[in-house]
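A.B. asks: Sharing a structure, written as structure tokens. Questions coming.
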Amino acid sequence: MFRSVLVLGEIRGIRMQIHVSWLIIFALLLLVLGASFQHQYPDWSAATVMVTAALTVLVFFASIVAHELGHSLVAIRKGIPVRSITLFLFGGLAQLSRESRTADDEFWIAIAGPLTSFALAAIFHLLALALTGVSEPAAAAAAWLALINFVVAVFNLVPGFPLDGGRVFRALVWKVTGDAERGMRAAVAGGKTVAYLLVALGLWTMLAHGNVLGGIWIMLIAWFLLANAEAGQQGFNMQHRLAGVLARDLAERAAPTVAAGTSVADWVEHDALGQGVRAALVCQGDRVLGLVTLSDIRSRGRKQWTLTTVDQCMTSRDALVSVGPETPALEVLQLLSEKNLNQVPVMEGERPRGWIDRERLLRLINLRMELAEPGKGS
Ligand SMILES: [Zn+2]
């Protein structure tokens, strides 16, 4: 299978990875920076230009990782686990496992990235001063790194979601109004405005300056911001509507069951084909032994179905993924998508308390969202 990310390792439990699209921006930056050094310092040898440009670009990406680590370490301090930091075409992305619970947490997590970049800009500026007259390439690299980190910090502070400034803006509106939803709406509106302004800037760059590549690049960033502003709003709505909903509120009380020892052929005929059941708990009396699904039996040849029992194909209880009645609905949803499951049993100790089916869960979420949006008929 083709993997689009390359995992580099882990820092404090955070998976560090590079997306293939990052190679494009790496190569592009290398070319642009190499050309710029060559133009500025014509007496440098080709090797000096190449090595300086390559090292500078690598340190720049390390700075982006530091920016994302800034967000991540504050998030972890606020009790929000961070899954991964990914470098990709548009920079870096720290994937937090959930939204902040308070406006203050949101503010500090959001501002930590730009603050890190400002600090790096200051450090590289001092380095550039110290290296002047010592090593021209090192001083030039430090000066460029100071400038680019400053630009990263300032651009990220633009008040439009999903940029850091949008998150800061959201936290401020949330803090002032006490309404997280209003904060999100304002930040998303800001994000869309920024995106449309960037589209205009991209067109202007192309038409008035004849800089086609630069224009396309700016419009790509605009498109990225627009798509993420939308996605952020939807994810937020979902989290907001599901707040306080627990697994037991969503579970169907009667989980489909099948007695241990039943042949696969019988289960398929009566339950699967007969009643449209796609999975069942394999039980012996009151005890749950495991879970059998259509994909489990599909891996066995049709001819063996009469000779095989459901407990021979099932996922046994120890390996079975289940949730408790008090598990928040959001966690159930994350579990289903992370493990790519179609259903999950709700267990209280060893006793089955119900069953959550992915399709049913998504239907219920849609229903809740429709009911929460006035003026939208179904
Ligand atoms: Zn950031």
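Identifiers in this document derive from the order of the structure tokens: chains are assigned A, B, ..., residues are numbered from 1 separately in each chain, and ligands are numbered from 1 in order of occurrence.
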With only C-alpha atoms as the counted atoms, please give the residues lying no more than 6 Å from segment 212-227 of chain A, apart from itself and same-chain residues fewer than 2 positions off, as a ChimeraX atom specification.
C.D. replies: /A:192,195,198-199,202,205-206,210,229-230
A.B. asks: What does the file look like for those residues with C-alpha atoms, as a PDB file, in the first residue's frame?
C.D. replies:
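Once written, part_10.pdb looks like this:
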```
ATOM      1  CA  LYS A 192     -13.135  33.077   4.745  1.00  0.00           C
ATOM      2  CA  ALA A 195      -9.080  33.514   1.918  1.00  0.00           C
ATOM      3  CA  LEU A 198      -5.783  36.169  -0.841  1.00  0.00           C
ATOM      4  CA  VAL A 199      -7.623  35.121  -4.019  1.00  0.00           C
ATOM      5  CA  GLY A 202      -3.231  36.116  -6.189  1.00  0.00           C
ATOM      6  CA  THR A 205       0.010  39.209  -8.602  1.00  0.00           C
ATOM      7  CA  MET A 206      -0.699  37.309 -11.803  1.00  0.00           C
ATOM      8  CA  GLY A 210       2.840  38.819 -14.559  1.00  0.00           C
ATOM      9  CA  ALA A 229     -12.322  26.908   7.663  1.00  0.00           C
ATOM     10  CA  GLU A 230     -15.342  24.896   6.433  1.00  0.00           C
TER      11      GLU A 230
END
```
A.B. asks: Extract, using only C-alpha atoms, all DNA, RNA and protein residues at most 9 Å from Ala189 of chain A, discarding same-chain residues fewer than 5 positions from it, and format them as a PyMOL selection string.
C.D. replies: chain A and resi 160-161+184+194+229
A.B. asks: From segment 271-352 of chain A, collect each residue whose DSSP state is strand (DSSP E or B) and return the set as a PyMOL selection string.
C.D. replies: chain A and resi 279-284+287-293+309+315-316+323+328+343-348+351-352
A.B. asks: Counting only C-alpha atoms and all ligand atoms, what residues are within 9 Å of ligand 1, given as a list in words?
C.D. replies: Ile64, His67, Glu68, Gly70, His71, Gly92, Leu93, Ala94, Ile109, Ala110, Ile111, Ala112, Gly113, Pro114, Ser117, Val152, Ala153, Asn156, Leu157, Leu163, Asp164 and Gly165 of chain A
A.B. asks: For the selection you just gave me, I'd like the residues written to a file as a compact mmCIF listing (two decimals), in the first residue's frame, keeping N, CA and C atoms.
C.D. replies:
```txt
# COMPACT_ATOMS: atom_id res chain seq x y z
N ILE A 64 9.75 25.30 11.91
CA ILE A 64 8.31 25.03 11.80
C ILE A 64 7.90 23.95 12.81
N HIS A 67 7.64 25.54 16.11
CA HIS A 67 6.38 26.28 16.20
C HIS A 67 5.25 25.34 16.60
N GLU A 68 5.18 24.19 15.90
CA GLU A 68 4.12 23.21 16.20
C GLU A 68 4.31 22.59 17.58
N GLY A 70 5.52 24.16 20.03
CA GLY A 70 5.04 25.20 20.94
C GLY A 70 3.56 25.01 21.24
N HIS A 71 2.74 24.85 20.16
CA HIS A 71 1.31 24.57 20.35
C HIS A 71 1.13 23.29 21.17
N GLY A 92 3.36 23.30 8.77
CA GLY A 92 3.26 22.25 9.77
C GLY A 92 1.86 22.16 10.34
N LEU A 93 1.54 21.01 10.92
CA LEU A 93 0.21 20.81 11.49
C LEU A 93 0.32 19.91 12.70
N ALA A 94 -0.12 20.41 13.86
CA ALA A 94 -0.15 19.58 15.06
C ALA A 94 -1.57 19.07 15.20
N ILE A 109 -2.91 27.87 23.81
CA ILE A 109 -2.45 26.87 22.83
C ILE A 109 -2.21 27.55 21.48
N ALA A 110 -3.13 28.46 21.09
CA ALA A 110 -3.04 29.12 19.79
C ALA A 110 -1.87 30.09 19.72
N ILE A 111 -1.65 30.85 20.80
CA ILE A 111 -0.63 31.90 20.76
C ILE A 111 0.77 31.32 20.90
N ALA A 112 0.88 30.09 21.46
CA ALA A 112 2.20 29.49 21.73
C ALA A 112 3.03 29.32 20.45
N GLY A 113 2.35 29.01 19.32
CA GLY A 113 3.08 28.81 18.06
C GLY A 113 3.75 30.09 17.58
N PRO A 114 2.95 31.17 17.35
CA PRO A 114 3.55 32.44 16.92
C PRO A 114 4.59 32.97 17.91
N SER A 117 7.75 31.29 17.17
CA SER A 117 8.36 31.80 15.95
C SER A 117 9.00 33.17 16.18
N VAL A 152 6.51 34.06 9.36
CA VAL A 152 5.64 32.95 9.78
C VAL A 152 4.78 33.37 10.97
N ALA A 153 5.41 34.02 11.96
CA ALA A 153 4.68 34.45 13.15
C ALA A 153 3.58 35.44 12.78
N ASN A 156 0.71 33.91 10.65
CA ASN A 156 -0.15 33.04 11.44
C ASN A 156 -1.04 33.81 12.40
N LEU A 157 -0.70 35.06 12.67
CA LEU A 157 -1.52 35.85 13.58
C LEU A 157 -2.69 36.54 12.88
N LEU A 163 -5.99 29.67 10.81
CA LEU A 163 -4.71 30.23 11.25
C LEU A 163 -4.73 30.42 12.76
N ASP A 164 -3.52 30.48 13.36
CA ASP A 164 -3.43 30.65 14.81
C ASP A 164 -4.17 31.90 15.27
N GLY A 165 -4.04 32.97 14.48
CA GLY A 165 -4.72 34.22 14.83
C GLY A 165 -6.23 34.03 14.88
```
A.B. asks: Report as a PyMOL selection string all protein, DNA and RNA residues lying within 12 Å of Val151 of chain A, evaluated on only C-alpha atoms, omitting residues in the same chain fewer than 3 positions from it.
C.D. replies: chain A and resi 60+64+114+117-118+120-121+144-148+154-158
A.B. asks: What does the structure give for the distance between atom CA of Leu281 of chain A and atom CA of Trp267 of chain A, in Å to one decimal?
C.D. replies: 11.7 Å
A.B. asks: Any idea what the distance is between atom CA of Val264 of chain A and atom CA of Thr306 of chain A?
C.D. replies: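 Between atom CA of Val264 of chain A and atom CA of Thr306 of chain A the gap works out to 6.2 Å.
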A.B. asks: Going by DSSP on the backbone, which residues of segment 12-255 of chain A come out as helix (DSSP H, G or I)? List them as a PyMOL selection string.
C.D. replies: chain A and resi 22-40+46-77+103-131+136-156+164-177+180-209+212-242+247-250
A.B. asks: With 9 Å as the cut-off and only C-alpha atoms counted, what is the closest atom pair between each nearby residue of segment 125-150 of chain A and segment 34-53 of chain A? Distances in Å to one decimal, ordered by chain and number, as a Markdown table.
C.D. replies:
```
| residue | atom | partner | partner_atom | distance |
| --- | --- | --- | --- | --- |
| A:Pro137 | CA | A:Thr52 | CA | 6.4 |
| A:Ala138 | CA | A:Thr52 | CA | 7.5 |
| A:Ala140 | CA | A:Phe37 | CA | 8.3 |
| A:Ala141 | CA | A:Thr52 | CA | 6.9 |
```
A.B. asks: Produce a file of the selected residues containing C-alpha atoms, as a CSV table (one decimal), in the first residue's frame.
C.D. replies:
```csv
chain,number,residue,atom,x,y,z
A,137,PRO,CA,27.3,32.3,4.6
A,138,ALA,CA,26.4,31.6,8.2
A,140,ALA,CA,23.3,35.3,5.6
A,141,ALA,CA,21.6,32.1,6.6
```
A.B. asks: Just want the 12 Å neighbourhood of Leu335 of chain A, counted on only C-alpha atoms, with same-chain residues fewer than 2 positions away dropped. Output as a list in words.
C.D. replies: Ser97, Ala247, Val321, Ser322, Val323, Thr327, Pro328, Ala329, Leu330, Glu331, Val332, Leu333, Ser337, Glu338, Lys339, Asn340, Leu341, Asn342, Gln343, Val344, Pro345, Ile356 and Arg358 of chain A
A.B. asks: Take the residues from that selection and write them out as a tab-separated table (two decimals), in the first residue's frame, keeping N, CA and C atoms.
C.D. replies:
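What landed in out-v4.tsv:
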```
chain	number	residue	atom	x	y	z
A	97	SER	N	-5.99	15.93	19.93
A	97	SER	CA	-7.01	14.89	19.97
A	97	SER	C	-8.41	15.45	20.23
A	247	ALA	N	-22.47	7.00	25.37
A	247	ALA	CA	-22.70	5.77	24.59
A	247	ALA	C	-24.08	5.18	24.89
A	321	VAL	N	-12.86	-4.75	20.66
A	321	VAL	CA	-12.95	-3.34	21.04
A	321	VAL	C	-14.38	-3.06	21.51
A	322	SER	N	-14.52	-2.55	22.74
A	322	SER	CA	-15.86	-2.24	23.23
A	322	SER	C	-15.81	-0.92	23.99
A	323	VAL	N	-16.98	-0.34	24.27
A	323	VAL	CA	-17.03	0.89	25.05
A	323	VAL	C	-17.94	0.66	26.26
A	327	THR	N	-19.06	6.09	28.15
A	327	THR	CA	-18.11	6.64	27.18
A	327	THR	C	-18.78	7.76	26.38
A	328	PRO	N	-18.13	8.94	26.26
A	328	PRO	CA	-18.74	10.02	25.48
A	328	PRO	C	-18.90	9.63	24.01
A	329	ALA	N	-20.02	10.09	23.42
A	329	ALA	CA	-20.34	9.74	22.03
A	329	ALA	C	-19.22	10.11	21.07
A	330	LEU	N	-18.56	11.25	21.35
A	330	LEU	CA	-17.46	11.68	20.48
A	330	LEU	C	-16.34	10.66	20.43
A	331	GLU	N	-16.02	10.10	21.62
A	331	GLU	CA	-14.96	9.09	21.68
A	331	GLU	C	-15.36	7.85	20.90
A	332	VAL	N	-16.65	7.50	20.98
A	332	VAL	CA	-17.15	6.33	20.23
A	332	VAL	C	-16.94	6.57	18.74
A	333	LEU	N	-17.28	7.79	18.31
A	333	LEU	CA	-17.15	8.14	16.90
A	333	LEU	C	-15.70	8.08	16.44
A	337	SER	N	-13.94	5.46	13.64
A	337	SER	CA	-13.21	5.88	12.44
A	337	SER	C	-11.74	5.51	12.53
A	338	GLU	N	-11.15	5.58	13.74
A	338	GLU	CA	-9.73	5.24	13.87
A	338	GLU	C	-9.47	3.77	13.58
A	339	LYS	N	-10.33	2.89	14.12
A	339	LYS	CA	-10.12	1.45	13.96
A	339	LYS	C	-10.89	0.91	12.77
A	340	ASN	N	-11.57	1.81	12.05
A	340	ASN	CA	-12.33	1.42	10.88
A	340	ASN	C	-13.34	0.30	11.19
A	341	LEU	N	-14.15	0.52	12.22
A	341	LEU	CA	-15.15	-0.47	12.64
A	341	LEU	C	-16.53	-0.03	12.17
A	342	ASN	N	-17.41	-1.01	11.97
A	342	ASN	CA	-18.79	-0.69	11.62
A	342	ASN	C	-19.70	-0.68	12.83
A	343	GLN	N	-19.27	-1.34	13.90
A	343	GLN	CA	-20.09	-1.39	15.10
A	343	GLN	C	-19.20	-1.62	16.31
A	344	VAL	N	-19.72	-1.24	17.47
A	344	VAL	CA	-18.98	-1.49	18.69
A	344	VAL	C	-20.00	-1.85	19.78
A	345	PRO	N	-19.75	-2.96	20.52
A	345	PRO	CA	-20.66	-3.32	21.61
A	345	PRO	C	-20.44	-2.41	22.83
A	356	ILE	N	-23.64	-0.16	19.33
A	356	ILE	CA	-23.67	1.07	18.52
A	356	ILE	C	-23.19	0.76	17.12
A	358	ARG	N	-22.39	2.09	13.27
A	358	ARG	CA	-21.87	3.32	12.67
A	358	ARG	C	-22.95	4.10	11.89
```
A.B. asks: Can you pull out the residues contacting segment 248-253 of chain A? Cut-off 7 Å, using only C-alpha atoms, and skip same-chain residues under 6 positions away; I want them as a PDB file with N, CA and C atoms, in the first residue's frame.
C.D. replies:
```pdb
ATOM      1  N   PRO A 325     -20.946   2.180  29.046  1.00  0.00           N
ATOM      2  CA  PRO A 325     -22.157   3.004  28.894  1.00  0.00           C
ATOM      3  C   PRO A 325     -21.863   4.497  29.063  1.00  0.00           C
ATOM      4  N   GLU A 326     -20.809   4.848  29.835  1.00  0.00           N
ATOM      5  CA  GLU A 326     -20.510   6.256  30.123  1.00  0.00           C
ATOM      6  C   GLU A 326     -19.510   6.865  29.144  1.00  0.00           C
ATOM      7  N   ARG A 353     -24.557  -4.326  27.188  1.00  0.00           N
ATOM      8  CA  ARG A 353     -25.598  -3.351  27.510  1.00  0.00           C
ATOM      9  C   ARG A 353     -26.235  -2.759  26.259  1.00  0.00           C
ATOM     10  N   GLY A 354     -25.689  -3.134  25.117  1.00  0.00           N
ATOM     11  CA  GLY A 354     -26.245  -2.602  23.877  1.00  0.00           C
ATOM     12  C   GLY A 354     -25.195  -2.613  22.782  1.00  0.00           C
ATOM     13  N   TRP A 355     -25.415  -1.772  21.803  1.00  0.00           N
ATOM     14  CA  TRP A 355     -24.741  -1.953  20.542  1.00  0.00           C
ATOM     15  C   TRP A 355     -24.783  -0.629  19.821  1.00  0.00           C
ATOM     16  N   ILE A 356     -23.643  -0.158  19.326  1.00  0.00           N
ATOM     17  CA  ILE A 356     -23.666   1.075  18.520  1.00  0.00           C
ATOM     18  C   ILE A 356     -23.190   0.760  17.116  1.00  0.00           C
ATOM     19  N   LEU A 361     -25.438   5.658  14.199  1.00  0.00           N
ATOM     20  CA  LEU A 361     -24.818   6.767  14.916  1.00  0.00           C
ATOM     21  C   LEU A 361     -24.778   8.011  14.037  1.00  0.00           C
TER      22      LEU A 361
END
```
A.B. asks: Go through A:Ala254, A:Leu89, A:Ala279, A:Ala139 and flag the residue nearest Ala27 of chain A, using only C-alpha atoms for the distances.
C.D. replies: A:Leu89
A.B. asks: Please compute the atom CA of Gln95 of chain A-atom CA of Leu246 of chain A distance, one decimal, in Å.
C.D. replies: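 If I compute the distance from atom CA of Gln95 of chain A to atom CA of Leu246 of chain A, I get 24.0 Å.
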